[in-house]
file input.cif (mmCIF, C-alpha atoms and all ligand atoms)
data_data
loop_
_atom_site.group_PDB
_atom_site.id
_atom_site.type_symbol
_atom_site.label_atom_id
_atom_site.label_comp_id
_atom_site.auth_asym_id
_atom_site.auth_seq_id
_atom_site.Cartn_x
_atom_site.Cartn_y
_atom_site.Cartn_z
ATOM 1 C CA MET X 1 115.114 103.010 124.126
ATOM 2 C CA LYS X 2 113.925 100.101 126.263
ATOM 3 C CA LEU X 3 115.682 96.758 126.512
ATOM 4 C CA GLU X 4 114.491 93.155 126.914
ATOM 5 C CA VAL X 5 116.236 91.777 130.010
ATOM 6 C CA THR X 6 116.073 88.123 131.068
ATOM 7 C CA LYS X 7 117.920 88.544 134.359
ATOM 8 C CA ILE X 8 120.110 90.872 136.398
ATOM 9 C CA LEU X 9 122.773 89.294 138.604
ATOM 10 C CA GLN X 10 124.497 91.151 141.443
ATOM 11 C CA ASP X 11 127.986 90.385 142.757
ATOM 12 C CA ARG X 12 128.173 92.437 145.959
ATOM 13 C CA VAL X 13 131.808 91.489 146.623
ATOM 14 C CA LYS X 14 133.066 92.684 143.234
ATOM 15 C CA GLN X 15 130.425 95.445 143.033
ATOM 16 C CA GLN X 16 129.419 94.098 139.594
ATOM 17 C CA THR X 17 126.001 93.983 137.985
ATOM 18 C CA THR X 18 125.520 91.601 135.042
ATOM 19 C CA VAL X 19 122.542 92.238 132.771
ATOM 20 C CA HIS X 20 121.462 89.417 130.462
ATOM 21 C CA LEU X 21 119.870 90.790 127.303
ATOM 22 C CA LYS X 22 117.661 88.944 124.873
ATOM 23 C CA GLY X 23 118.725 88.082 121.333
ATOM 24 C CA CYS X 24 121.503 85.940 119.856
ATOM 25 C CA PRO X 25 122.468 85.395 116.184
ATOM 26 C CA LEU X 26 124.310 82.144 117.033
ATOM 27 C CA ARG X 27 122.672 78.736 117.373
ATOM 28 C CA CYS X 28 125.136 76.747 119.507
ATOM 29 C CA GLY X 29 124.097 73.110 119.704
ATOM 30 C CA TRP X 30 124.923 73.034 123.445
ATOM 31 C CA CYS X 31 123.213 76.358 124.260
ATOM 32 C CA ASP X 32 122.872 76.889 128.025
ATOM 33 C CA ARG X 33 120.716 80.028 127.756
ATOM 34 C CA PRO X 34 117.675 79.063 125.646
ATOM 35 C CA GLU X 35 115.580 81.916 127.019
ATOM 36 C CA VAL X 36 117.862 84.600 125.572
ATOM 37 C CA ARG X 37 118.177 83.351 121.994
ATOM 38 C CA LYS X 38 115.128 85.030 120.450
ATOM 39 C CA PRO X 39 115.065 88.827 120.709
ATOM 40 C CA LYS X 40 111.274 89.013 121.081
ATOM 41 C CA LYS X 41 109.286 88.508 124.266
ATOM 42 C CA GLU X 42 108.563 84.840 124.982
ATOM 43 C CA LEU X 43 106.064 83.084 127.200
ATOM 44 C CA LEU X 44 107.373 80.421 129.586
ATOM 45 C CA TYR X 45 104.909 77.588 130.225
ATOM 46 C CA ASP X 46 105.346 75.194 133.167
ATOM 47 C CA VAL X 47 103.392 72.224 131.873
ATOM 48 C CA GLU X 48 104.082 70.188 135.031
ATOM 49 C CA SER X 49 102.085 72.639 137.164
ATOM 50 C CA CYS X 50 99.175 73.127 134.726
ATOM 51 C CA VAL X 51 95.822 71.974 136.154
ATOM 52 C CA SER X 52 94.047 72.276 132.774
ATOM 53 C CA CYS X 53 91.509 74.774 134.085
ATOM 54 C CA MET X 54 91.429 76.626 130.734
ATOM 55 C CA MET X 55 91.222 80.038 132.430
ATOM 56 C CA CYS X 56 94.009 81.316 130.162
ATOM 57 C CA PHE X 57 92.161 80.371 126.963
ATOM 58 C CA PRO X 58 89.764 83.358 126.661
ATOM 59 C CA GLU X 59 92.568 85.837 127.435
ATOM 60 C CA CYS X 60 94.386 85.093 124.183
ATOM 61 C CA SER X 61 92.973 86.919 121.168
ATOM 62 C CA LEU X 62 95.182 84.811 118.895
ATOM 63 C CA ASP X 63 93.826 81.440 120.097
ATOM 64 C CA ALA X 64 97.313 80.256 120.974
ATOM 65 C CA HIS X 65 96.054 78.071 123.875
ATOM 66 C CA ASN X 66 94.685 74.699 122.792
ATOM 67 C CA PHE X 67 94.095 71.157 123.951
ATOM 68 C CA VAL X 68 95.867 68.504 121.894
ATOM 69 C CA ASN X 69 95.362 64.869 122.906
ATOM 70 C CA GLY X 70 94.007 65.973 126.270
ATOM 71 C CA GLN X 71 97.043 68.161 126.973
ATOM 72 C CA HIS X 72 97.080 71.974 127.191
ATOM 73 C CA VAL X 73 99.599 73.233 124.634
ATOM 74 C CA ILE X 74 100.646 76.658 123.404
ATOM 75 C CA ASP X 75 100.902 77.256 119.675
ATOM 76 C CA ARG X 76 104.299 78.962 119.576
ATOM 77 C CA TYR X 77 103.747 80.123 115.991
ATOM 78 C CA LYS X 78 100.653 82.079 117.043
ATOM 79 C CA CYS X 79 101.989 83.423 120.353
ATOM 80 C CA VAL X 80 103.391 86.955 120.095
ATOM 81 C CA GLY X 81 104.418 87.192 123.760
ATOM 82 C CA CYS X 82 101.869 89.873 124.699
ATOM 83 C CA MET X 83 101.548 88.285 128.201
ATOM 84 C CA ASP X 84 97.785 88.984 128.324
ATOM 85 C CA CYS X 85 97.196 85.427 129.587
ATOM 86 C CA THR X 86 99.724 85.319 132.427
ATOM 87 C CA ASP X 87 97.574 86.920 135.164
ATOM 88 C CA ALA X 88 94.690 84.518 134.449
ATOM 89 C CA CYS X 89 96.595 81.411 135.486
ATOM 90 C CA PRO X 90 95.799 80.412 139.083
ATOM 91 C CA ALA X 91 98.714 77.981 139.159
ATOM 92 C CA GLY X 92 101.360 80.480 138.044
ATOM 93 C CA CYS X 93 102.295 78.350 135.032
ATOM 94 C CA LEU X 94 102.570 81.262 132.584
ATOM 95 C CA THR X 95 105.403 83.745 133.057
ATOM 96 C CA PRO X 96 107.415 86.094 130.823
ATOM 97 C CA ALA X 97 110.972 85.085 129.881
ATOM 98 C CA SER X 98 112.075 88.723 130.034
ATOM 99 C CA ARG X 99 111.246 92.179 131.401
ATOM 100 C CA THR X 100 111.147 95.358 129.337
ATOM 101 C CA MET X 101 113.348 97.889 131.135
ATOM 102 C CA SER X 102 114.550 101.422 130.455
ATOM 103 C CA PRO X 103 118.273 102.210 130.776
ATOM 104 C CA ASP X 104 117.467 104.310 133.865
ATOM 105 C CA ALA X 105 115.629 101.406 135.514
ATOM 106 C CA ILE X 106 118.590 99.107 134.836
ATOM 107 C CA LEU X 107 121.088 101.659 136.143
ATOM 108 C CA SER X 108 119.068 102.138 139.327
ATOM 109 C CA GLN X 109 120.102 98.546 140.199
ATOM 110 C CA CYS X 110 123.671 98.891 139.006
ATOM 111 C CA GLN X 111 126.769 98.812 141.212
ATOM 112 C CA SER X 112 130.170 100.202 140.208
ATOM 113 C CA THR X 113 130.651 97.875 137.206
ATOM 114 C CA LEU X 114 128.041 97.109 134.538
ATOM 115 C CA ILE X 115 128.481 93.930 132.470
ATOM 116 C CA LEU X 116 126.190 93.450 129.482
ATOM 117 C CA SER X 117 125.792 89.823 128.469
ATOM 118 C CA GLY X 118 123.429 87.732 126.394
ATOM 119 C CA GLY X 119 123.088 86.065 123.903
ATOM 120 C CA GLU X 120 124.655 88.879 122.016
ATOM 121 C CA PRO X 121 124.039 92.241 123.715
ATOM 122 C CA LEU X 122 124.528 94.183 120.485
ATOM 123 C CA VAL X 123 121.381 92.642 118.995
ATOM 124 C CA GLN X 124 119.771 95.444 121.037
ATOM 125 C CA HIS X 125 122.446 97.934 120.011
ATOM 126 C CA GLU X 126 120.379 101.133 120.226
ATOM 127 C CA GLY X 127 119.286 100.462 123.800
ATOM 128 C CA VAL X 128 122.760 99.201 124.679
ATOM 129 C CA LEU X 129 124.352 102.416 123.395
ATOM 130 C CA GLU X 130 121.988 104.575 125.470
ATOM 131 C CA LEU X 131 122.602 102.385 128.528
ATOM 132 C CA LEU X 132 126.393 102.580 128.113
ATOM 133 C CA GLN X 133 126.300 106.363 127.640
ATOM 134 C CA LYS X 134 124.227 106.830 130.785
ATOM 135 C CA ALA X 135 126.433 104.420 132.743
ATOM 136 C CA LYS X 136 129.611 106.290 131.821
ATOM 137 C CA ALA X 137 127.955 109.611 132.709
ATOM 138 C CA LYS X 138 127.474 108.165 136.215
ATOM 139 C CA GLY X 139 131.100 107.004 136.438
ATOM 140 C CA ILE X 140 130.221 103.312 136.123
ATOM 141 C CA SER X 141 132.776 100.941 134.513
ATOM 142 C CA THR X 142 131.362 99.102 131.510
ATOM 143 C CA CYS X 143 131.978 95.732 129.909
ATOM 144 C CA ILE X 144 130.322 93.967 126.980
ATOM 145 C CA GLU X 145 130.416 90.169 126.828
ATOM 146 C CA THR X 146 130.138 89.587 123.101
ATOM 147 C CA THR X 147 130.069 86.695 120.661
ATOM 148 C CA GLY X 148 131.465 88.992 117.966
ATOM 149 C CA ALA X 149 128.260 88.532 115.957
ATOM 150 C CA PHE X 150 127.451 92.186 115.372
ATOM 151 C CA TYR X 151 127.690 94.687 112.534
ATOM 152 C CA PRO X 152 131.127 96.354 112.276
ATOM 153 C CA SER X 153 129.290 99.637 111.655
ATOM 154 C CA GLN X 154 128.128 99.488 115.307
ATOM 155 C CA ILE X 155 131.691 99.607 116.654
ATOM 156 C CA PRO X 156 132.508 103.360 116.447
ATOM 157 C CA ALA X 157 129.452 104.386 118.479
ATOM 158 C CA ILE X 158 130.005 101.959 121.370
ATOM 159 C CA LEU X 159 133.807 102.207 121.635
ATOM 160 C CA PRO X 160 133.986 105.421 123.718
ATOM 161 C CA TYR X 161 131.521 104.054 126.288
ATOM 162 C CA THR X 162 132.920 100.517 126.732
ATOM 163 C CA ASP X 163 135.941 99.865 128.940
ATOM 164 C CA LEU X 164 136.329 96.144 128.285
ATOM 165 C CA PHE X 165 135.131 93.579 125.755
ATOM 166 C CA VAL X 166 134.983 89.960 126.897
ATOM 167 C CA PHE X 167 134.996 87.998 123.654
ATOM 168 C CA ARG X 168 133.179 84.674 123.966
ATOM 169 C CA ILE X 169 135.047 82.244 121.710
ATOM 170 C CA MET X 170 133.267 78.964 120.912
ATOM 171 C CA ASP X 171 135.968 77.517 118.634
ATOM 172 C CA THR X 172 138.932 78.454 116.471
ATOM 173 C CA ASP X 173 138.213 75.954 113.691
ATOM 174 C CA PRO X 174 136.004 77.564 111.016
ATOM 175 C CA VAL X 175 134.378 74.293 109.921
ATOM 176 C CA ARG X 176 133.465 73.228 113.458
ATOM 177 C CA MET X 177 132.329 76.759 114.284
ATOM 178 C CA LYS X 178 129.959 76.866 111.319
ATOM 179 C CA LYS X 179 128.674 73.351 111.994
ATOM 180 C CA ASN X 180 128.158 73.819 115.746
ATOM 181 C CA THR X 181 127.040 77.447 116.007
ATOM 182 C CA GLY X 182 125.950 78.499 112.515
ATOM 183 C CA ALA X 183 128.432 81.406 112.659
ATOM 184 C CA LYS X 184 131.293 82.281 110.311
ATOM 185 C CA LEU X 185 134.499 82.411 112.352
ATOM 186 C CA ASP X 186 136.194 84.945 110.060
ATOM 187 C CA VAL X 187 133.345 87.432 110.544
ATOM 188 C CA LEU X 188 133.524 87.153 114.349
ATOM 189 C CA LEU X 189 137.312 87.426 114.417
ATOM 190 C CA SER X 190 137.259 90.379 112.041
ATOM 191 C CA ASN X 191 135.182 92.265 114.635
ATOM 192 C CA LEU X 192 137.591 91.205 117.390
ATOM 193 C CA LYS X 193 140.531 92.516 115.343
ATOM 194 C CA LYS X 194 138.726 95.835 114.785
ATOM 195 C CA LEU X 195 138.255 96.278 118.540
ATOM 196 C CA ASP X 196 141.919 95.430 119.081
ATOM 197 C CA GLU X 197 143.071 97.857 116.366
ATOM 198 C CA ALA X 198 141.013 100.547 118.104
ATOM 199 C CA GLY X 199 143.083 99.922 121.243
ATOM 200 C CA LYS X 200 140.319 98.309 123.287
ATOM 201 C CA GLU X 201 141.180 95.912 126.103
ATOM 202 C CA THR X 202 139.810 92.424 125.515
ATOM 203 C CA HIS X 203 139.614 89.108 127.352
ATOM 204 C CA LEU X 204 139.021 85.857 125.468
ATOM 205 C CA ARG X 205 136.435 83.717 127.242
ATOM 206 C CA CYS X 206 136.800 80.254 125.742
ATOM 207 C CA LYS X 207 134.005 77.728 126.071
ATOM 208 C CA LEU X 208 135.307 74.199 126.771
ATOM 209 C CA ILE X 209 133.051 71.382 125.542
ATOM 210 C CA PRO X 210 134.225 67.747 125.313
ATOM 211 C CA ASP X 211 133.901 66.151 121.859
ATOM 212 C CA VAL X 212 133.151 69.590 120.371
ATOM 213 C CA ASN X 213 136.205 71.795 120.730
ATOM 214 C CA MET X 214 138.495 70.409 123.473
ATOM 215 C CA HIS X 215 141.176 69.369 121.016
ATOM 216 C CA SER X 216 144.828 70.406 120.923
ATOM 217 C CA ASP X 217 144.182 72.469 117.781
ATOM 218 C CA TYR X 218 141.704 74.597 119.786
ATOM 219 C CA ALA X 219 144.344 75.318 122.431
ATOM 220 C CA ALA X 220 146.862 76.136 119.670
ATOM 221 C CA GLY X 221 144.269 78.301 117.902
ATOM 222 C CA LEU X 222 143.545 80.226 121.099
ATOM 223 C CA ALA X 223 147.271 80.740 121.673
ATOM 224 C CA ALA X 224 147.743 82.047 118.126
ATOM 225 C CA LEU X 225 144.715 84.317 118.465
ATOM 226 C CA TYR X 226 145.929 85.720 121.780
ATOM 227 C CA GLN X 227 149.386 86.364 120.329
ATOM 228 C CA SER X 228 147.922 88.152 117.288
ATOM 229 C CA LEU X 229 146.161 90.721 119.512
ATOM 230 C CA HIS X 230 147.862 93.791 121.014
ATOM 231 C CA HIS X 231 145.405 94.605 123.792
ATOM 232 C CA CYS X 232 144.198 91.188 124.921
ATOM 233 C CA LYS X 233 144.942 90.606 128.607
ATOM 234 C CA GLY X 234 144.500 86.839 128.573
ATOM 235 C CA ILE X 235 142.149 83.898 128.337
ATOM 236 C CA LEU X 236 139.356 82.945 130.682
ATOM 237 C CA PRO X 237 138.601 79.189 130.408
ATOM 238 C CA ASP X 238 134.843 78.621 130.607
ATOM 239 C CA PRO X 239 134.059 74.890 131.110
ATOM 240 C CA TYR X 240 130.638 74.008 129.737
ATOM 241 C CA SER X 241 127.897 73.465 132.281
ATOM 242 C CA PRO X 242 124.540 72.372 130.854
ATOM 243 C CA CYS X 243 121.459 74.205 132.040
ATOM 244 C CA SER X 244 118.542 72.356 133.538
ATOM 245 C CA PRO X 245 116.401 70.463 130.962
ATOM 246 C CA ALA X 246 113.405 72.125 132.670
ATOM 247 C CA LYS X 247 114.578 75.480 131.271
ATOM 248 C CA TRP X 248 114.157 74.130 127.725
ATOM 249 C CA LYS X 249 110.809 72.538 128.552
ATOM 250 C CA LEU X 250 109.407 75.935 129.618
ATOM 251 C CA LEU X 251 109.816 76.963 125.950
ATOM 252 C CA ASP X 252 108.492 73.623 124.621
ATOM 253 C CA LEU X 253 111.974 72.752 123.355
ATOM 254 C CA ASP X 254 114.056 69.598 123.724
ATOM 255 C CA PRO X 255 117.276 70.047 125.723
ATOM 256 C CA PRO X 256 120.622 69.363 124.026
ATOM 257 C CA CYS X 257 122.678 66.316 125.031
ATOM 258 C CA TYR X 258 126.174 67.605 125.754
ATOM 259 C CA LEU X 259 128.214 66.605 128.781
ATOM 260 C CA PRO X 260 130.532 68.825 130.823
ATOM 261 C CA ALA X 261 134.253 68.101 130.871
ATOM 262 C CA SER X 262 135.670 66.096 133.770
ATOM 263 C CA PRO X 263 138.029 67.962 136.138
ATOM 264 C CA ASN X 264 140.967 66.036 134.591
ATOM 265 C CA GLU X 265 139.981 66.996 131.025
ATOM 266 C CA THR X 266 139.606 70.641 132.051
ATOM 267 C CA THR X 267 142.940 70.692 133.872
ATOM 268 C CA ALA X 268 144.721 69.082 130.904
ATOM 269 C CA PHE X 269 143.268 71.622 128.470
ATOM 270 C CA ILE X 270 144.131 74.579 130.684
ATOM 271 C CA LYS X 271 147.686 73.244 131.000
ATOM 272 C CA GLN X 272 148.005 73.425 127.201
ATOM 273 C CA LEU X 273 147.108 77.121 127.399
ATOM 274 C CA GLU X 274 149.578 77.692 130.254
ATOM 275 C CA ASP X 275 152.334 75.833 128.370
ATOM 276 C CA ALA X 276 151.746 78.186 125.447
ATOM 277 C CA GLY X 277 152.520 81.088 127.789
ATOM 278 C CA ILE X 278 149.031 82.577 127.792
ATOM 279 C CA PRO X 279 147.971 84.542 130.890
ATOM 280 C CA LEU X 280 144.875 82.963 132.422
ATOM 281 C CA ILE X 281 142.087 85.136 133.738
ATOM 282 C CA THR X 282 139.731 84.063 136.490
ATOM 283 C CA GLU X 283 136.258 85.481 137.023
HETATM 284 S S1 LIG E 301 126.027 82.327 122.100
HETATM 285 FE FE1 LIG E 301 125.126 81.720 124.083
HETATM 286 S S2 LIG E 301 122.960 82.242 123.946
HETATM 287 FE FE2 LIG E 301 123.789 82.268 121.853
HETATM 288 S S3 LIG E 301 123.312 80.235 121.070
HETATM 289 FE FE3 LIG E 301 125.403 80.191 121.876
HETATM 290 S S4 LIG E 301 125.210 79.481 124.005
HETATM 291 FE FE4 LIG E 301 123.154 80.114 123.316
HETATM 292 S S1 LIG E 302 101.342 85.587 125.572
HETATM 293 FE FE1 LIG E 302 99.694 86.609 124.425
HETATM 294 S S2 LIG E 302 99.778 85.657 122.401
HETATM 295 FE FE2 LIG E 302 100.920 84.325 123.783
HETATM 296 S S3 LIG E 302 99.459 82.822 124.496
HETATM 297 FE FE3 LIG E 302 99.447 84.491 126.018
HETATM 298 S S4 LIG E 302 97.822 85.864 125.361
HETATM 299 FE FE4 LIG E 302 98.263 84.511 123.642
HETATM 300 S S1 LIG E 303 95.312 78.941 133.348
HETATM 301 FE FE1 LIG E 303 97.214 77.960 133.970
HETATM 302 S S2 LIG E 303 96.585 76.041 134.941
HETATM 303 FE FE2 LIG E 303 94.818 76.794 133.753
HETATM 304 S S3 LIG E 303 95.064 75.789 131.724
HETATM 305 FE FE3 LIG E 303 96.058 77.792 131.592
HETATM 306 S S4 LIG E 303 98.210 77.326 132.088
HETATM 307 FE FE4 LIG E 303 97.014 75.587 132.790
#
call {"tool": "encode", "arguments": {"input": "input.cif", "output": "structure tokens"}}
result
Amino acid sequence: MKLEVTKILQDRVKQQTTVHLKGCPLRCGWCDRPEVRKPKKELLYDVESCVSCMMCFPECSLDAHNFVNGQHVIDRYKCVGCMDCTDACPAGCLTPASRTMSPDAILSQCQSTLILSGGEPLVQHEGVLELLQKAKAKGISTCIETTGAFYPSQIPAILPYTDLFVFRIMDTDPVRMKKNTGAKLDVLLSNLKKLDEAGKETHLRCKLIPDVNMHSDYAAGLAALYQSLHHCKGILPDPYSPCSPAKWKLLDLDPPCYLPASPNETTAFIKQLEDAGIPLITE
């Protein structure tokens, strides 16, 4: 089963390979990975480099390339991401957001630890399962970075092939979580509890975003969550860092307007976690 991969990052020092997979059920207002959200293939279009030569137009059988008010635009509702037009562009403006890769092709680039990230890796659960099975057969350590937005029925199959789950927590307040990400907190936490009950080691990776979740009740909520788990090794603070607006523009989307926390705000929040006696994890 092949997988849609947006990027593969190598950490030679830690011997870790991180694979970013396409697909995410959440819709975080501050999203810093717009290219992974949709599970399907997507065309990136660099409008700044387009010379309006129209050479891509005849390559698209769905007439997704058009001129509107003198500007070349792509009809995103028509585009199915077939990539038939990409080779026609002399300016290199049209590129795929992801590559389709087999588990073997991914593992051929893998070092001693494989980290699957997203989005939500389990959107591609069949390919992920095959990849994890093949990784373990080669003696590779495995980790899934998850949002918790997956079907509980998927847990039994992946458990034996996953050494660590890094749970990406966006908030501990159900109202804010629903408003800011579209997700139901109790559903995500129910999956976290199931992993914990199965004896799986977890880390809580908590996103820190000023004016969204950096309140004392978030720190208290994280402390309570950590203390309720039996196999959680600690919390990894993850201060928000916005991605380049150009990344959004490549998908014809407007970038979100969220600011990162100042060093003082981050330090003060982390101190609340330390004061609550929570072990901190660094990357
Ligand atoms: S979980 Fe990550 S990829 Fe998904 S919407 Fe939120 S920030 Fe974006
Ligand atoms: S990727 Fe395919 S569907 Fe989309 S614009 Fe190019 S040729 Fe048309
Ligand atoms: S082929 Fe490239 S440069 Fe020419 S119109 Fe299409 S996107 Fe623009």
call {"tool": "resolve_selection", "arguments": {"input": "input.cif", "expression": "the PyMOL selection byres (((chain X and resi 233-249) around 6) and not hetatm)", "output": "PyMOL selection string"}}
result
chain X and resi 32+203-209+232+250-253+255+260+279-282
call {"tool": "closest_residue", "arguments": {"input": "input.cif", "among": "X:Cys56, X:Ile169, X:Cys110, X:Leu44", "to": "ligand LIG 303 (chain E)", "atoms": "only C-alpha atoms and all ligand atoms"}}
result
X:Cys56
call {"tool": "axis_aligned_box", "arguments": {"input": "input.cif", "around": "ligand LIG 302 (chain E)", "padding_each_side": "8 Å", "output": "JSON"}}
result
{"center_x": 99.6, "center_y": 84.7, "center_z": 124.2, "size_x": 19.5, "size_y": 19.8, "size_z": 19.6}
call {"tool": "residues_near_ligand", "arguments": {"input": "input.cif", "ligand": "ligand LIG 302 (chain E)", "cutoff": "10 Å", "atoms": "all atoms listed in the file", "output": "JSON, numbers by chain"}}
result
{"X": [41, 42, 43, 44, 45, 56, 57, 58, 59, 60, 61, 62, 63, 64, 65, 66, 73, 74, 75, 76, 77, 78, 79, 80, 81, 82, 83, 84, 85, 86, 87, 88, 94, 95, 96]}
call {"tool": "residues_near_ligand", "arguments": {"input": "input.cif", "ligand": "ligand LIG 303 (chain E)", "cutoff": "7 Å", "atoms": "only C-alpha atoms and all ligand atoms", "output": "JSON, numbers by chain"}}
result
{"X": [45, 49, 50, 51, 52, 53, 54, 55, 56, 57, 72, 88, 89, 90, 91, 92, 93, 94]}
call {"tool": "resolve_selection", "arguments": {"input": "input.cif", "expression": "the PyMOL selection byres (((chain X and resi 211) around 10) and not hetatm)", "output": "PyMOL selection string"}}
result
chain X and resi 208-210+212-215+258-261
call {"tool": "closest_residue", "arguments": {"input": "input.cif", "among": "X:Val5, X:Leu116, X:Ala198, X:Met170", "to": "ligand LIG 301 (chain E)", "atoms": "all atoms listed in the file"}}
result
X:Met170
call {"tool": "closest_residue", "arguments": {"input": "input.cif", "among": "X:Leu129, X:Val123, X:Leu192, X:Ala223", "to": "ligand LIG 301 (chain E)", "atoms": "only C-alpha atoms and all ligand atoms"}}
result
X:Val123
call {"tool": "residues_near_ligand", "arguments": {"input": "input.cif", "ligand": "ligand LIG 301 (chain E)", "cutoff": "10 Å", "atoms": "all atoms listed in the file", "output": "VMD selection string"}}
result
chain X and resid 20 to 38 117 to 120 146 to 149 168 to 170 180 to 183 207 240 242
call {"tool": "atom_distance", "arguments": {"input": "input.cif", "atom1": "CA of Lys179 in chain X", "atom2": "CA of Ile144 in chain X"}}
result
25.5 Å
call {"tool": "atom_distance", "arguments": {"input": "input.cif", "atom1": "CA of Leu222 in chain X", "atom2": "CA of Leu273 in chain X"}}
result
7.9 Å
call {"tool": "residues_near_point", "arguments": {"input": "input.cif", "point": "(126.6, 93.0, 112.0)", "cutoff": "10 Å", "atoms": "all atoms listed in the file", "output": "ChimeraX atom specification"}}
result
/X:25,122-123,148-155,187-188,191
call {"tool": "atom_distance", "arguments": {"input": "input.cif", "atom1": "CA of Ile158 in chain X", "atom2": "CA of Leu3 in chain X"}}
result
16.1 Å
call {"tool": "resolve_selection", "arguments": {"input": "input.cif", "expression": "the PyMOL selection byres (((chain X and resi 16) around 9) and not hetatm)", "output": "NGL selection string"}}
result
:X and (9-15 or 17-18 or 110-115)
call {"tool": "closest_residue", "arguments": {"input": "input.cif", "among": "X:Leu225, X:Cys143, X:Met1, X:Met101", "to": "Gly127 in chain X", "atoms": "only C-alpha atoms"}}
result
X:Met1
